[in-house]
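Asker: Structure: my_file-v1.pdb, PDB, C-alpha atoms.
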ATOM      1  CA  MET A   1     -53.006  11.473 -42.706  1.00  0.00           C
ATOM      2  CA  ALA A   2     -51.572  13.471 -39.791  1.00  0.00           C
ATOM      3  CA  LYS A   3     -53.488  16.258 -38.071  1.00  0.00           C
ATOM      4  CA  MET A   4     -52.791  19.775 -39.307  1.00  0.00           C
ATOM      5  CA  LEU A   5     -52.021  22.119 -36.402  1.00  0.00           C
ATOM      6  CA  LYS A   6     -51.444  25.831 -35.898  1.00  0.00           C
ATOM      7  CA  ILE A   7     -49.197  26.346 -32.858  1.00  0.00           C
ATOM      8  CA  THR A   8     -48.295  29.654 -31.227  1.00  0.00           C
ATOM      9  CA  TRP A   9     -45.244  29.460 -28.958  1.00  0.00           C
ATOM     10  CA  VAL A  10     -42.339  31.424 -27.515  1.00  0.00           C
ATOM     11  CA  ASP A  11     -39.215  30.621 -29.537  1.00  0.00           C
ATOM     12  CA  ALA A  12     -36.344  29.676 -27.236  1.00  0.00           C
ATOM     13  CA  GLN A  13     -33.865  29.918 -30.165  1.00  0.00           C
ATOM     14  CA  PHE A  14     -34.559  33.601 -30.863  1.00  0.00           C
ATOM     15  CA  LEU A  15     -31.514  34.974 -29.020  1.00  0.00           C
ATOM     16  CA  ASP A  16     -29.195  32.769 -31.067  1.00  0.00           C
ATOM     17  CA  LEU A  17     -30.324  34.584 -34.234  1.00  0.00           C
ATOM     18  CA  VAL A  18     -29.279  38.084 -33.185  1.00  0.00           C
ATOM     19  CA  GLY A  19     -25.597  37.323 -32.504  1.00  0.00           C
ATOM     20  CA  LEU A  20     -25.401  38.343 -28.843  1.00  0.00           C
ATOM     21  CA  CYS A  21     -22.037  37.945 -27.135  1.00  0.00           C
ATOM     22  CA  HIS A  22     -22.011  40.192 -24.006  1.00  0.00           C
ATOM     23  CA  PRO A  23     -24.374  40.277 -20.999  1.00  0.00           C
ATOM     24  CA  GLN A  24     -25.229  43.946 -21.662  1.00  0.00           C
ATOM     25  CA  ASP A  25     -26.488  42.910 -25.127  1.00  0.00           C
ATOM     26  CA  LEU A  26     -29.447  41.313 -23.327  1.00  0.00           C
ATOM     27  CA  ASP A  27     -30.781  44.659 -22.108  1.00  0.00           C
ATOM     28  CA  GLY A  28     -34.179  45.271 -23.689  1.00  0.00           C
ATOM     29  CA  VAL A  29     -34.310  41.915 -25.525  1.00  0.00           C
ATOM     30  CA  LYS A  30     -37.768  40.329 -25.365  1.00  0.00           C
ATOM     31  CA  SER A  31     -38.944  36.818 -26.129  1.00  0.00           C
ATOM     32  CA  GLN A  32     -40.204  36.177 -29.650  1.00  0.00           C
ATOM     33  CA  GLU A  33     -43.709  34.793 -30.193  1.00  0.00           C
ATOM     34  CA  CYS A  34     -43.887  32.510 -33.241  1.00  0.00           C
ATOM     35  CA  VAL A  35     -46.599  30.716 -35.190  1.00  0.00           C
ATOM     36  CA  ILE A  36     -46.210  27.533 -37.220  1.00  0.00           C
ATOM     37  CA  VAL A  37     -48.716  25.595 -39.316  1.00  0.00           C
ATOM     38  CA  GLY A  38     -47.828  22.025 -40.187  1.00  0.00           C
ATOM     39  CA  HIS A  39     -48.496  18.316 -39.889  1.00  0.00           C
ATOM     40  CA  LEU A  40     -48.299  16.692 -36.455  1.00  0.00           C
ATOM     41  CA  VAL A  41     -46.043  13.697 -37.185  1.00  0.00           C
ATOM     42  CA  LYS A  42     -45.295  12.842 -33.556  1.00  0.00           C
ATOM     43  CA  GLU A  43     -46.296  14.006 -30.086  1.00  0.00           C
ATOM     44  CA  THR A  44     -44.586  13.115 -26.826  1.00  0.00           C
ATOM     45  CA  GLU A  45     -45.290  14.112 -23.250  1.00  0.00           C
ATOM     46  CA  THR A  46     -42.948  17.100 -23.671  1.00  0.00           C
ATOM     47  CA  ASP A  47     -42.838  17.971 -27.397  1.00  0.00           C
ATOM     48  CA  TYR A  48     -44.759  18.423 -30.652  1.00  0.00           C
ATOM     49  CA  PHE A  49     -43.011  17.312 -33.867  1.00  0.00           C
ATOM     50  CA  ILE A  50     -44.390  19.411 -36.735  1.00  0.00           C
ATOM     51  CA  ALA A  51     -43.463  18.695 -40.369  1.00  0.00           C
ATOM     52  CA  LYS A  52     -43.810  21.363 -43.034  1.00  0.00           C
ATOM     53  CA  GLU A  53     -44.092  18.689 -45.763  1.00  0.00           C
ATOM     54  CA  LEU A  54     -45.812  15.307 -45.522  1.00  0.00           C
ATOM     55  CA  TRP A  55     -46.130  12.895 -48.438  1.00  0.00           C
ATOM     56  CA  GLU A  56     -48.788  10.229 -49.064  1.00  0.00           C
ATOM     57  CA  SER A  57     -46.174   7.543 -48.329  1.00  0.00           C
ATOM     58  CA  GLY A  58     -45.902   8.854 -44.743  1.00  0.00           C
ATOM     59  CA  ALA A  59     -42.437  10.341 -45.246  1.00  0.00           C
ATOM     60  CA  PHE A  60     -41.911  13.917 -44.070  1.00  0.00           C
ATOM     61  CA  LYS A  61     -39.454  16.811 -44.333  1.00  0.00           C
ATOM     62  CA  TYR A  62     -38.558  20.029 -42.454  1.00  0.00           C
ATOM     63  CA  VAL A  63     -39.447  18.931 -38.915  1.00  0.00           C
ATOM     64  CA  HIS A  64     -39.681  21.463 -36.088  1.00  0.00           C
ATOM     65  CA  ILE A  65     -39.583  20.283 -32.466  1.00  0.00           C
ATOM     66  CA  ILE A  66     -41.657  22.558 -30.252  1.00  0.00           C
ATOM     67  CA  PRO A  67     -41.437  22.104 -26.466  1.00  0.00           C
ATOM     68  CA  LYS A  68     -44.921  21.999 -24.937  1.00  0.00           C
ATOM     69  CA  LYS A  69     -43.739  24.224 -22.066  1.00  0.00           C
ATOM     70  CA  MET A  70     -43.234  27.037 -24.592  1.00  0.00           C
ATOM     71  CA  VAL A  71     -46.670  26.667 -26.281  1.00  0.00           C
ATOM     72  CA  LYS A  72     -49.261  29.396 -25.814  1.00  0.00           C
ATOM     73  CA  GLN A  73     -52.005  27.976 -28.096  1.00  0.00           C
ATOM     74  CA  VAL A  74     -52.698  24.893 -30.238  1.00  0.00           C
ATOM     75  CA  ARG A  75     -55.472  24.798 -32.827  1.00  0.00           C
ATOM     76  CA  GLU A  76     -56.376  21.878 -35.058  1.00  0.00           C
ATOM     77  CA  LEU A  77     -57.111  23.016 -38.611  1.00  0.00           C
ATOM     78  CA  TRP A  78     -59.663  21.512 -40.977  1.00  0.00           C
ATOM     79  CA  GLU A  79     -60.004  21.636 -44.758  1.00  0.00           C
TER
END
Would you give me this structure, written as structure tokens?
Answerer:
Amino acid sequence: MAKMLKITWVDAQFLDLVGLCHPQDLDGVKSQECVIVGHLVKETETDYFIAKELWESGAFKYVHIIPKKMVKQVRELWE
């Protein structure tokens, strides 16, 4: 079974969610700190691949790719 991790990171996609379209729209916008808890299904030199669902067969669903450069904290969780 894959490790269960809690990762805190700065979400690089945050600006895309607020519908900005002019440079002045960036005034006062701050980065968004996020937290995810999930199964570590793959780790590379640059990224964590975290699945929200993992089945006994090893298949997974809802994968988030989190760049390690954006990570503030990683904690392994235990039952």
Asker: Smallest atom-to-atom distance to Val41 of chain A: which of A:Ile7, A:Ile65, A:Leu26, A:Met70, using only C-alpha atoms?
Answerer: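 When distances to Val41 of chain A are compared using only C-alpha atoms, the smallest one comes from A:Ile65.
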Asker: Do you have the atom CA of Tyr48 of chain A-atom CA of Lys68 of chain A distance handy?
Answerer: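 Distance between the two atoms: 6.7 Å.
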Asker: Enumerate, as a list in words, the protein, DNA and RNA residues whose atoms approach (-54.9, 14.1, -40.6) to within 12 Å, taking into account all atoms listed in the file and the coordinate frame of the file.
Answerer: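 Output of the proximity query reads Met1, Ala2, Lys3, Met4, Leu5, Gly38, His39, Leu40, Val41, Lys42, Leu54, Trp55, Glu56, Gly58, Glu76, Leu77, Trp78 and Glu79 of chain A.
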Asker: Return as a list in words the set of residues that the PyMOL selection byres ((chain A and resi 71) around 9) yields on the displayed structure.
Answerer: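 Applied to this file, the PyMOL selection byres ((chain A and resi 71) around 9) returns Ile7, Thr8, Trp9, Val10, Ile66, Pro67, Lys68, Lys69, Met70, Lys72, Gln73 and Val74 of chain A.
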Asker: Mind giving me the straight-line distance from atom CA of Ile50 of chain A to atom CA of Val37 of chain A in Å, one decimal?
Answerer: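 The value is 8.0 Å.
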Asker: Could you tell me how far atom CA of Phe60 of chain A sits from atom CA of Cys34 of chain A, in Å to one decimal place?
Answerer: 21.6 Å
